[in-house]
Each structure stands twice: as C-alpha cells, then as structure tokens.
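> This is the structure, below, for whatever I ask next.
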Amino acid sequence: MISDPIKWLGSVLLVLTGMAQSAWAATSHSDTTVAAVDTDSSRSVVVRSVTLIGNVRTRDRIVFREMTLKTGDTVLLSDLPGRLTWDRRNISNTNLFITVDLKTEQTTPTDTTQLAQLDLTVRMKERWYLIAYPVFDIADRNLNEWWYDRGRDLRRTIYGGRLSYRNVTGSNDRLQVEIIRGFWQRTVLSYARPYIDKAQRIGLRVDVGYQTNNDIPYTTIADKWRYVRADQTLRSRTWGALTLTNRHGLYHYHSVDIRYSRNTVADTVVRLNPDYFLDNRTEQRYASLAYGYRYDRRDNVAYPLRGTLFLGSVGVSGLLPSDNFRFLDVTTSVSRYWPMGKKVYGAANLRARTTWPDRQPYFNLHGIGNSTDNVRGYELYVIDGQHSAVARSSFRYQLFDTVKQLNWLRIRQFNTLPIAAYITAFADAGYVGSTVAEQYQSRLANQLLVGTGLSFDLVTYYNLVIRLSGAINRQGNTGFYFNFAQEF
C-alpha cells in the first residue's frame, strides 16, 4: 500500500487538472437553444409542432413519453427554458442517446389577439445498442480488495462473454446474456421491456440465472472475509424472477418483484461455519416478494449534479410452507444534488436498512462493504450486521464538461465523445448494528464509522464513471482506491 496516498493523490490531481485544462479548453455543452422572438416572459406561446430527428431505431412514442411539452400545449415564456432543460435531461436519462439537443423557433402572429406559435425540434444521436464483448475481470468484491488483500493473484480472475442488446424493438427494451467461467461460473439471461401497454405505464422484466463457486468466503473475522477453496463446487445458486413495473408520470416508479431462489453449499462449508445457512443446513430455498418505489428527478443518472432521488423497498422472503428461510428487509434512501456556485456542486445521501429476525444466516448478513452500502475509507472491510445507516456528502468542482467530435472515427455511435471531469472532496459516516459482532470478532460494528478524502472523477462514454480517490478513516487507515462506479 502506498505510504501516503493522500499526498500522492494530491500530486496526481494537480497533474490531471493541468492536463485536463490544457487539453479540453472548451465551452460547456449547452442544454437547449431557445430562439424567442417575443421576449416578454409574462406572455404565453402555443406549441405548434414537435419534430424528432435522429431516433433512427427508437420509436417516437418512447421519446414523447419523456417530454412535458406536447403539441397544442400553452406555455408561459418564463417557464419555457426550465421545461426544455428538464425534457432534454429526461430524454438523455433513457440512456438511448449519446447527445440530445432541443431547439425552438417562435412565430409571432399578425393578429395580436392570437398567441405566438412555437416549433420545437429534438435532435438526437443514438448509441450503439448491440454490444458483445469478452470478459476478463477479477472475482473479488472490488479491485481494491484484490489489489491490497488478495496479493493481485491472477488466478482470482473470471473470463467469458457478455451480450447486451439494448432497444431491441425500438421500445427501450433490453436483452442480456452473460456466460462467465474461471474463478467462478455464472450464466444469466434477462429481458426487460419498460412498457407493455398502450398507455406506456406497465413494464415487465424476466431474469433466470445459475452460479457456482469453488472458492467462497465462509465467515468474517475482524471485518475481513475468510475464504475456503476446493476442487469441487462449494456453493451453487439458482434463481428466477419476474418483475412488474409501473411508471406514474415522469418521475414516479413502482415495482413488484416475485422470485424463487435455491442456494446450496457443500458439507465442507457447514463444518467451518454451522451458521452459514443456520442449523447446519446445506440448502436454502425460498420464494420472495418485494415492493419498491423510486422517485427519480436527477439531471444525469450516472453522475447527477442537480435533482432528487428517493428509494424505498420492503421485501419478504419465505412465502411458501416448504421454505426454510424467513426474512424481512426494509430499505430507504434519499439523495439530493444541487449547484453551489460557478462549477461547484454539492451532493448528500442518507441510506438506512433494517432486517428481521435478529438471528440470520451468515450468507444473508449484509451491513457495510458487501452490498451497495459503503463508507468511503472502508473499502477493504466487510462489516456484518442486521441494521445499517450511511450518510455521504460530496463537494465537487467541475474542471470541464464538453463534447468532442471525433471526425476521424467513422462509427457514428462512437465519434461523439462526451467527457467531464471533477475534483471531489467527500466526507462519509456510517453505523452497523449487529448482534453477532462478538461471534465474528468485529472491531467496526456497533460504532461510528467516519471516512474522508479527495477523488478525481472522469465521466465519459456510455455513462462510464472512473474514480481515483484517496481516503482516511476514523481508525487512521489510509488508502488509494480505484473504482468504476456510478454516483450514489
């Protein structure tokens, strides 16, 4: 581990900042263009037409579904810029387009008793929808664990292929196939269609999967996973799921997920940890039902700078009499993003999770580090518990945000390069409530966790976020971390 990662990161950030400012000295990409003849903001205009250009594969109704402005609408000129900006963001957040631009033209009528007319043009550039690519990756929780704790062991790698076919029918549907071999084996097939009704409110997703491992964490000691490895399969997982979604308006999403899971482990695992599935069981089978609600009004789903995100879910496992696993999971999260000045942005997130009963299988204990919940500065730790809470805050300075046209690249879905970079200062806090802290010799459960640091964030092609960060936690541990991650 680097002896002084914070100092080292500072040097890296200075170099990257200088390179970025010199290489990308460009103006910010504009959201919309409003050509208004009438500048009196108290007056209204009538939307005469909405024209879509560039959605070669995507059906018009998918784009119109994201817009608040419709043909025949009457809009105050004072409200028009905000409506246009959010319509552009909504269309962009479908992840169907590389760029989205809105332009308006206003016509003043000769009859002063009539309202001015507005023609709106939406110009889009579609992404490359069919992506089939080989996979060579590490099998650990994250790159940092593999780098620091697993000795950069190349045997802990996976390989195979993934196919992602987005917008199969032009309806923003997606077919995904994944075949992975190597350190563990996994085969997954899923198909999702956001709308199956004419009103474009009800959606459907189907998932089936099978995974086997011959090297698994069988317990946690002092907030670190302990592994066991064998020549035979130590754990297998089979699942099937059906998810129904309902989208109300533009920003409200409801989902109901029904699934069946069957998990098995070898006798070797049970001998090492009788509580892996509880009571020396080698099999866990159950049906589950979960309801989720999401309010999502962010300007960019991958790296938001403005808006609000609220998530809430309730899940019940063990619905059938034959099930041998009973579980209740309640999770809630709220995130807020706001501009604080020229090129400065703030972000805050609060997330809480609670589960019942207190006596749970080790396999289902998820606190901080082994799920989406994480306190930065504790990337190398797994803190198990039945209840958790995390508060995260960030202050970002935008180095640049631009779009470059790579005319030498003839593939149109790749020759437009959106790229932005930020320096981020962050401070996080978290807590894991655990009744098994003594059993697993945890030093971090049932106490306040605090982490802070700096990061360099690069946002580019296809919502890819590359993050280089240096952090220090409450215990005085420092580290330099690398992540591919979307923002919380």
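Naming scheme: A, B, ... for chains in displayed order of the structure tokens; residues 1 onward per chain; ligands 1 onward as shown.
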Fewer than 3 positions away in the same chain doesn't count, so skip those; otherwise give me all residues within 6 Å of stretch 472-484 of chain A, counting only C-alpha atoms, as a PyMOL selection string.

chain A and resi 5+377+450-452+465-469

> Which parts of stretch 19-154 of chain A does DSSP call strand (DSSP E or B) when run on the backbone here, written out as a ChimeraX atom specification?

/A:32-35,44-53,74-76,97-107,116-126,130-138

> Any chance you could export the current selection's N, CA and C atoms as a short mmCIF file (atom, residue, chain, number, x, y, z; two decimals), in the first residue's frame?


```cif
data_model
loop_
_atom_site.label_atom_id
_atom_site.label_comp_id
_atom_site.auth_asym_id
_atom_site.auth_seq_id
_atom_site.Cartn_x
_atom_site.Cartn_y
_atom_site.Cartn_z
N THR A 32 -30.02 23.51 -24.14
CA THR A 32 -31.05 23.84 -25.11
C THR A 32 -30.72 25.15 -25.80
N THR A 33 -31.38 25.34 -26.92
CA THR A 33 -31.30 26.62 -27.63
C THR A 33 -32.71 27.15 -27.78
N VAL A 34 -32.95 28.33 -27.27
CA VAL A 34 -34.27 28.94 -27.34
C VAL A 34 -34.18 30.18 -28.20
N ALA A 35 -34.80 30.14 -29.37
CA ALA A 35 -34.82 31.30 -30.25
C ALA A 35 -36.15 32.00 -30.08
N SER A 44 -47.61 34.02 -23.22
CA SER A 44 -47.63 32.58 -23.46
C SER A 44 -47.45 32.30 -24.94
N VAL A 45 -47.01 31.07 -25.22
CA VAL A 45 -46.90 30.60 -26.60
C VAL A 45 -47.60 29.24 -26.71
N VAL A 46 -48.00 28.90 -27.91
CA VAL A 46 -48.63 27.62 -28.19
C VAL A 46 -47.63 26.74 -28.94
N VAL A 47 -47.44 25.53 -28.46
CA VAL A 47 -46.54 24.59 -29.13
C VAL A 47 -47.25 24.09 -30.39
N ARG A 48 -46.79 24.53 -31.56
CA ARG A 48 -47.42 24.17 -32.82
C ARG A 48 -46.96 22.80 -33.30
N SER A 49 -45.70 22.50 -33.08
CA SER A 49 -45.18 21.21 -33.57
C SER A 49 -44.00 20.77 -32.72
N VAL A 50 -43.82 19.44 -32.63
CA VAL A 50 -42.64 18.84 -32.01
C VAL A 50 -42.07 17.85 -33.02
N THR A 51 -40.86 18.10 -33.48
CA THR A 51 -40.23 17.28 -34.51
C THR A 51 -39.04 16.53 -33.92
N LEU A 52 -38.99 15.23 -34.17
CA LEU A 52 -37.89 14.39 -33.69
C LEU A 52 -36.96 14.06 -34.85
N ILE A 53 -35.66 14.25 -34.62
CA ILE A 53 -34.65 13.96 -35.64
C ILE A 53 -33.55 13.11 -35.01
N THR A 74 -50.02 25.16 -24.14
CA THR A 74 -49.79 26.58 -23.96
C THR A 74 -48.82 26.76 -22.81
N VAL A 75 -47.73 27.49 -23.07
CA VAL A 75 -46.65 27.60 -22.10
C VAL A 75 -46.27 29.05 -21.90
N LEU A 76 -46.08 29.44 -20.63
CA LEU A 76 -45.54 30.77 -20.34
C LEU A 76 -44.09 30.83 -20.80
N PHE A 97 -29.36 7.64 -26.05
CA PHE A 97 -28.74 8.61 -26.94
C PHE A 97 -27.43 9.12 -26.37
N ILE A 98 -26.50 9.38 -27.26
CA ILE A 98 -25.23 9.98 -26.86
C ILE A 98 -25.42 11.46 -26.59
N THR A 99 -26.11 12.13 -27.49
CA THR A 99 -26.39 13.56 -27.33
C THR A 99 -27.86 13.83 -27.60
N VAL A 100 -28.39 14.85 -26.93
CA VAL A 100 -29.76 15.31 -27.12
C VAL A 100 -29.74 16.83 -27.11
N ASP A 101 -30.28 17.44 -28.14
CA ASP A 101 -30.35 18.90 -28.22
C ASP A 101 -31.78 19.32 -28.59
N LEU A 102 -32.26 20.35 -27.93
CA LEU A 102 -33.58 20.91 -28.21
C LEU A 102 -33.44 22.32 -28.73
N LYS A 103 -34.13 22.62 -29.82
CA LYS A 103 -34.11 23.96 -30.38
C LYS A 103 -35.55 24.40 -30.66
N THR A 104 -35.79 25.69 -30.48
CA THR A 104 -37.14 26.22 -30.69
C THR A 104 -37.09 27.38 -31.67
N GLU A 105 -38.17 27.54 -32.38
CA GLU A 105 -38.37 28.70 -33.24
C GLU A 105 -39.77 29.24 -32.97
N GLN A 106 -39.84 30.56 -32.79
CA GLN A 106 -41.11 31.17 -32.41
C GLN A 106 -41.61 32.07 -33.55
N THR A 107 -42.88 31.97 -33.83
CA THR A 107 -43.51 32.77 -34.89
C THR A 107 -44.53 33.70 -34.26
N ALA A 116 -48.44 33.64 -29.83
CA ALA A 116 -47.31 33.24 -30.68
C ALA A 116 -47.22 31.73 -30.74
N GLN A 117 -46.66 31.22 -31.82
CA GLN A 117 -46.55 29.77 -32.02
C GLN A 117 -45.10 29.33 -31.92
N LEU A 118 -44.93 28.13 -31.36
CA LEU A 118 -43.58 27.62 -31.08
C LEU A 118 -43.39 26.29 -31.80
N ASP A 119 -42.30 26.17 -32.54
CA ASP A 119 -41.92 24.91 -33.17
C ASP A 119 -40.70 24.36 -32.44
N LEU A 120 -40.81 23.15 -31.95
CA LEU A 120 -39.75 22.53 -31.16
C LEU A 120 -39.13 21.38 -31.96
N THR A 121 -37.80 21.38 -32.05
CA THR A 121 -37.06 20.31 -32.73
C THR A 121 -36.16 19.60 -31.72
N VAL A 122 -36.28 18.30 -31.64
CA VAL A 122 -35.43 17.48 -30.77
C VAL A 122 -34.48 16.69 -31.66
N ARG A 123 -33.20 16.99 -31.56
CA ARG A 123 -32.19 16.32 -32.38
C ARG A 123 -31.37 15.39 -31.49
N MET A 124 -31.32 14.11 -31.86
CA MET A 124 -30.67 13.10 -31.04
C MET A 124 -29.64 12.32 -31.85
N LYS A 125 -28.70 11.74 -31.13
CA LYS A 125 -27.74 10.84 -31.74
C LYS A 125 -27.75 9.54 -30.94
N GLU A 126 -28.16 8.46 -31.61
CA GLU A 126 -28.36 7.20 -30.90
C GLU A 126 -27.03 6.53 -30.53
N LEU A 130 -26.13 -2.81 -29.74
CA LEU A 130 -25.73 -4.20 -29.62
C LEU A 130 -24.25 -4.27 -29.27
N ILE A 131 -23.98 -4.70 -28.05
CA ILE A 131 -22.60 -4.78 -27.59
C ILE A 131 -22.34 -6.21 -27.12
N ALA A 132 -21.45 -6.90 -27.79
CA ALA A 132 -20.99 -8.22 -27.38
C ALA A 132 -19.49 -8.14 -27.18
N TYR A 133 -19.04 -8.48 -26.00
CA TYR A 133 -17.62 -8.28 -25.72
C TYR A 133 -17.11 -9.36 -24.77
N PRO A 134 -15.82 -9.66 -24.87
CA PRO A 134 -15.23 -10.64 -23.96
C PRO A 134 -15.08 -10.04 -22.57
N VAL A 135 -15.04 -10.92 -21.59
CA VAL A 135 -14.91 -10.51 -20.19
C VAL A 135 -13.63 -11.09 -19.62
N PHE A 136 -12.84 -10.24 -19.03
CA PHE A 136 -11.70 -10.67 -18.22
C PHE A 136 -11.65 -9.74 -17.03
N ASP A 137 -11.97 -10.26 -15.86
CA ASP A 137 -12.17 -9.39 -14.71
C ASP A 137 -11.71 -10.13 -13.46
N ILE A 138 -11.64 -9.41 -12.36
CA ILE A 138 -11.34 -10.02 -11.07
C ILE A 138 -12.64 -10.50 -10.44
#
```

> When you count only C-alpha atoms, which of these residues is closest to A:Tyr293: A:Lys70, A:His248, A:Lys224, A:Lys404?

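Residue with the minimum atom-to-atom distance to A:Tyr293: A:His248.
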
> With distances taken over only C-alpha atoms, which residue among A:Ile216, A:Ala199, A:Val270, A:Ala302 lies nearest A:Ala139?

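Using only C-alpha atoms, A:Ala139 sits closest to A:Ile216.
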
> Would you list, as a list in words, the residues of stretch 255-485 of chain A that end up in alpha helix (DSSP H) under DSSP run on this structure's backbone?

Asp267, Thr268, Val269, Val270, Arg271 and Leu272 of chain A

> Residues as selected, C-alpha atoms, written as a compact mmCIF listing (two decimals), in the first residue's frame, can you do that?


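This is the output file selection.txt:
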```
# COMPACT_ATOMS: atom_id res chain seq x y z
CA ASP A 267 -20.58 -30.08 3.77
CA THR A 268 -17.10 -28.52 3.97
CA VAL A 269 -18.63 -25.05 4.35
CA VAL A 270 -21.09 -26.16 7.05
CA ARG A 271 -18.29 -27.77 9.07
CA LEU A 272 -16.38 -24.49 9.02
```

> Neighbouring residues of A:Ser333 were defined as those with any atom within 9 Å, considering only C-alpha atoms; residues of the same chain fewer than 5 positions away were excluded. Please report them as a count of residues only.

9

> So that I can check the surroundings of stretch 396-398 of chain A, please list as a list of chain:residue names every protein, DNA and RNA residue that reaches within 8 Å of it, counting only C-alpha atoms and ignoring chain neighbours fewer than 6 positions away.

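Surrounding residues, per the criterion: A:Lys343, A:Val344, A:Tyr345, A:Gly346, A:Ala420, A:Ala421, A:Tyr422, A:Ile423, A:Thr424, A:Ala425.
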